[in-house]
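*Asks:* Got a structure here, written out as structure tokens. Questions coming.
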Amino acid sequence: MTAEAAAAAWEGTPADTEQVVNSPRVSVPVEYNARDLMLYALGIGSTDPCFVYEHDPLFAAFPTYPICLTFKGDSHDALPFPSPAMRSFPFPIFKGFKVGLDAEKMIEKVAELPPRGASLRLVGGVVGVHQKGSGALVESAYDLCDDAGKVYYKIISGSFQVGAHGFKDAGVTHSRNIPPPAGPPTHEVEVPTSRHAANLFRLSGDYNPLHVDPRVAEVGGFDTPILHGLCTLGNTTRAVLDAVAGGDQRRYKSVRMRFKSPVLPGQTLVVKMWQTTPTEVIFETLVKESGQTCISNGKMELTPQASL
């Protein structure tokens, strides 16, 4: 499917869900540099030199950075929303649609990203559409790879269309229920966020005005702009990786989580973790000020710790 044909879905063209999930995968150029990696790390609250200082001997991409490329594409400037990269993939917009929200994400590292930057390709498209509560869960799957076909990351991105109706379920779902184990958590940490977190995080590619414009937030049913779900994802992943792997991104294998309720910039996250095996951690995140769960069904997988 061409980028032009895929983009038509964003203009309200009636979508045949079976046709969307069975469409050929689209390949979109994406690009980043070392500055992008540092900006993202700062946007999720990191001060670790290996993520924010280009001359650190262990300088690397924070392992959830690639999710931003689904928005950023190959641009190094401010972007409209939806961005050209987003518009390049087939994506149905259903009757009753009010606003789109992050729903679930899975980010699996297959190979280390080049730390000085790279020009890569994001290959994928919609793989599932399913009714969930008062809207639609639309899931897309992507491979981040180079021109030779080497895969660096695999990403599952689920978005929720508030108010969507009048469509048929189609395709597969990667959504999984992962309840926390019984008993107290192995670790529990508090992660404060800045009142300006959304203004900084959006510079990594997600320029959805829902997160900075009170008028757009009101249309979406919120009293005030909310924090990007992906910013909460990054902060949560950072807390888990710090607690169970000493912040060593080389041990990161994958993370998955579900966005359950919004977070406001400036609120404090409480991340609870249950380490079920040496390489598996179940987690959830609450908002300290409200007690509400904002991240559920969380699981991080690690590579085994070196014995020497």
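Labels for the structure tokens follow display order: chains A, B, ..., residues from 1 in each chain, ligands from 1.
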I'd like the contact shell of Lys150 (chain A) - 12 Å cut-off, only C-alpha atoms, skipping same-chain residues fewer than 4 positions apart - returned as JSON, numbers by chain.
*Replies:* {"A": [110, 111, 112, 113, 120, 121, 122, 123, 143, 144, 145, 146, 154]}
*Asks:* So that I have them on file, write out the residues from the current selection with all heavy atoms, as a compact mmCIF listing (two decimals), in the first residue's frame.
*Replies:*
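So result_18.txt came out as:
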```txt
# COMPACT_ATOMS: atom_id res chain seq x y z
N VAL A 110 16.09 -6.37 19.82
CA VAL A 110 16.71 -7.51 19.14
C VAL A 110 18.22 -7.28 19.02
O VAL A 110 19.01 -8.22 19.13
CB VAL A 110 16.08 -7.72 17.76
CG1 VAL A 110 16.71 -8.89 17.03
CG2 VAL A 110 14.56 -7.92 17.89
N ALA A 111 18.60 -6.03 18.78
CA ALA A 111 20.02 -5.66 18.66
C ALA A 111 20.18 -4.23 19.17
O ALA A 111 19.24 -3.44 19.14
CB ALA A 111 20.49 -5.78 17.22
N GLU A 112 21.39 -3.91 19.61
CA GLU A 112 21.67 -2.57 20.12
C GLU A 112 21.58 -1.54 18.99
O GLU A 112 22.10 -1.75 17.89
CB GLU A 112 23.07 -2.49 20.74
CG GLU A 112 23.25 -3.34 21.98
CD GLU A 112 22.60 -2.72 23.21
OE1 GLU A 112 22.15 -1.55 23.15
OE2 GLU A 112 22.54 -3.41 24.25
N LEU A 113 20.94 -0.40 19.27
CA LEU A 113 20.93 0.69 18.30
C LEU A 113 22.32 1.34 18.22
O LEU A 113 23.00 1.48 19.24
CB LEU A 113 19.94 1.77 18.73
CG LEU A 113 18.45 1.52 18.52
CD1 LEU A 113 17.67 2.75 19.00
CD2 LEU A 113 18.13 1.23 17.07
N LEU A 120 17.30 4.32 9.39
CA LEU A 120 16.73 2.98 9.40
C LEU A 120 15.36 3.01 8.72
O LEU A 120 14.97 4.03 8.14
CB LEU A 120 16.61 2.47 10.84
CG LEU A 120 17.92 2.43 11.65
CD1 LEU A 120 17.63 2.11 13.11
CD2 LEU A 120 18.87 1.40 11.05
N ARG A 121 14.65 1.91 8.82
CA ARG A 121 13.31 1.84 8.26
C ARG A 121 12.38 1.20 9.30
O ARG A 121 12.78 0.28 10.02
CB ARG A 121 13.27 1.05 6.96
CG ARG A 121 14.20 1.60 5.89
CD ARG A 121 13.82 1.15 4.51
NE ARG A 121 12.57 1.74 4.04
CZ ARG A 121 12.49 2.95 3.47
NH1 ARG A 121 13.54 3.70 3.33
NH2 ARG A 121 11.32 3.39 3.05
N LEU A 122 11.18 1.72 9.35
CA LEU A 122 10.13 1.16 10.20
C LEU A 122 9.15 0.46 9.26
O LEU A 122 8.55 1.09 8.39
CB LEU A 122 9.44 2.28 10.98
CG LEU A 122 8.61 1.90 12.19
CD1 LEU A 122 9.48 1.27 13.28
CD2 LEU A 122 7.90 3.13 12.75
N VAL A 123 9.02 -0.86 9.44
CA VAL A 123 8.22 -1.66 8.52
C VAL A 123 7.07 -2.29 9.30
O VAL A 123 7.28 -3.02 10.28
CB VAL A 123 9.08 -2.76 7.87
CG1 VAL A 123 8.24 -3.56 6.88
CG2 VAL A 123 10.30 -2.15 7.18
N ASP A 143 8.67 -3.60 12.67
CA ASP A 143 10.07 -3.98 12.80
C ASP A 143 10.90 -2.75 12.48
O ASP A 143 10.66 -2.06 11.47
CB ASP A 143 10.45 -5.10 11.83
CG ASP A 143 9.86 -6.45 12.21
OD1 ASP A 143 9.44 -6.61 13.36
OD2 ASP A 143 9.82 -7.33 11.34
N LEU A 144 11.87 -2.45 13.34
CA LEU A 144 12.84 -1.39 13.06
C LEU A 144 14.09 -2.05 12.52
O LEU A 144 14.74 -2.85 13.21
CB LEU A 144 13.15 -0.61 14.35
CG LEU A 144 14.15 0.54 14.22
CD1 LEU A 144 13.62 1.62 13.28
CD2 LEU A 144 14.47 1.12 15.60
N CYS A 145 14.42 -1.77 11.27
CA CYS A 145 15.51 -2.51 10.62
C CYS A 145 16.31 -1.60 9.70
O CYS A 145 15.89 -0.46 9.39
CB CYS A 145 14.94 -3.69 9.84
SG CYS A 145 13.67 -3.26 8.64
N ASP A 146 17.46 -2.08 9.26
CA ASP A 146 18.26 -1.32 8.30
C ASP A 146 17.95 -1.80 6.88
O ASP A 146 17.15 -2.72 6.67
CB ASP A 146 19.75 -1.39 8.63
CG ASP A 146 20.33 -2.80 8.56
OD1 ASP A 146 19.70 -3.69 7.94
OD2 ASP A 146 21.42 -3.01 9.12
N LYS A 154 11.49 -4.83 17.74
CA LYS A 154 10.12 -5.18 17.36
C LYS A 154 9.19 -4.42 18.31
O LYS A 154 9.40 -4.41 19.53
CB LYS A 154 9.89 -6.69 17.48
CG LYS A 154 10.64 -7.50 16.41
CD LYS A 154 10.34 -8.99 16.55
CE LYS A 154 10.98 -9.78 15.42
NZ LYS A 154 10.37 -9.48 14.10
```
*Asks:* Extract, using only C-alpha atoms, all DNA, RNA and protein residues at most 9 Å from His174 (chain A), discarding same-chain residues fewer than 5 positions from it, and format them as a PDB file with C-alpha atoms, in the first residue's frame.
*Replies:*
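As written to disk, selection-v2.pdb reads:
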```pdb
ATOM      1  CA  MET A 106       5.417  -3.771  23.745  1.00  0.00           C
ATOM      2  CA  GLY A 128      -5.737  -5.987  14.842  1.00  0.00           C
ATOM      3  CA  GLU A 139      -2.919  -2.581  17.292  1.00  0.00           C
ATOM      4  CA  ILE A 156       3.593  -3.558  19.190  1.00  0.00           C
ATOM      5  CA  GLY A 158      -1.956  -0.312  20.698  1.00  0.00           C
TER       6      GLY A 158
END
```
*Asks:* Pick the closest to Thr186 (chain A) from A:Ala217, A:Ile282, A:Met38, A:Val212: which is it, counting only C-alpha atoms?
*Replies:*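 Looking at the shortest contact to Thr186 (chain A), the residue is A:Ile282.
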*Asks:* Smallest atom-to-atom distance to Thr173 (chain A): which of A:Val21, A:Asn33, A:Arg202, A:Gly229, using only C-alpha atoms?
*Replies:* A:Val21
*Asks:* Which polymer residues have any atom within 9 Å of an atom of Lys288 (chain A), counting only C-alpha atoms, with same-chain residues fewer than 3 positions away left out, as JSON, numbers by chain?
*Replies:* {"A": [190, 267, 268, 269, 270, 291, 292]}
*Asks:* Which residues come within 9 Å of region 60-72 of chain A, counting only C-alpha atoms, excluding same-chain residues fewer than 4 positions away, as a PyMOL selection string?
*Replies:* chain A and resi 30-32+34+37-38+40-41+50-52+54+56+76-77+79+81-86+105+107-109+112-116+122+142+144+153+155+157+204-207+230+233-234+237-238+249-250+252-255
*Asks:* For each of A:Val287, A:Cys294, A:Leu42, A:Ile178, take the minimum atom-to-atom distance to Arg256 (chain A), counting only C-alpha atoms, then give the residue where this is smallest.
*Replies:*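 That would be A:Ile178, the residue with the smallest distance to Arg256 (chain A).
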*Asks:* Could you tell me how far CA of Val151 (chain A) lies from CA of Phe59 (chain A), in Å and to one decimal?
*Replies:*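 Computed distance, CA of Val151 (chain A) to CA of Phe59 (chain A), equals 20.8 Å.
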*Asks:* Please return as an MDAnalysis selection string: the residues of region 76-275 of chain A that backbone DSSP assigns to strand (DSSP E or B).
*Replies:* chainID A and resid 95 99:109 117:132 135:145 151:162 165 170:171 187:192 252:259 268:275
*Asks:* Work out how far CA of Thr47 (chain A) is from CA of Tyr152 (chain A), in Å to one decimal.
*Replies:* 24.8 Å
*Asks:* What gap, in Å, lies between CA of Pro265 (chain A) and CA of Arg35 (chain A)?
*Replies:*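 These atoms are spaced 23.5 Å apart.
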*Asks:* Which one of A:Leu286, A:Val129, A:Cys231, A:Val281 sits closest to Ser46 (chain A) if you count only C-alpha atoms?
*Replies:* A:Cys231
*Asks:* Show which residues sit within 12 Å of Gly266 (chain A), as a PyMOL selection string. Count only C-alpha atoms, and ignore same-chain residues fewer than 6 positions away.
*Replies:* chain A and resi 45+191-199+225-227+232+287-289
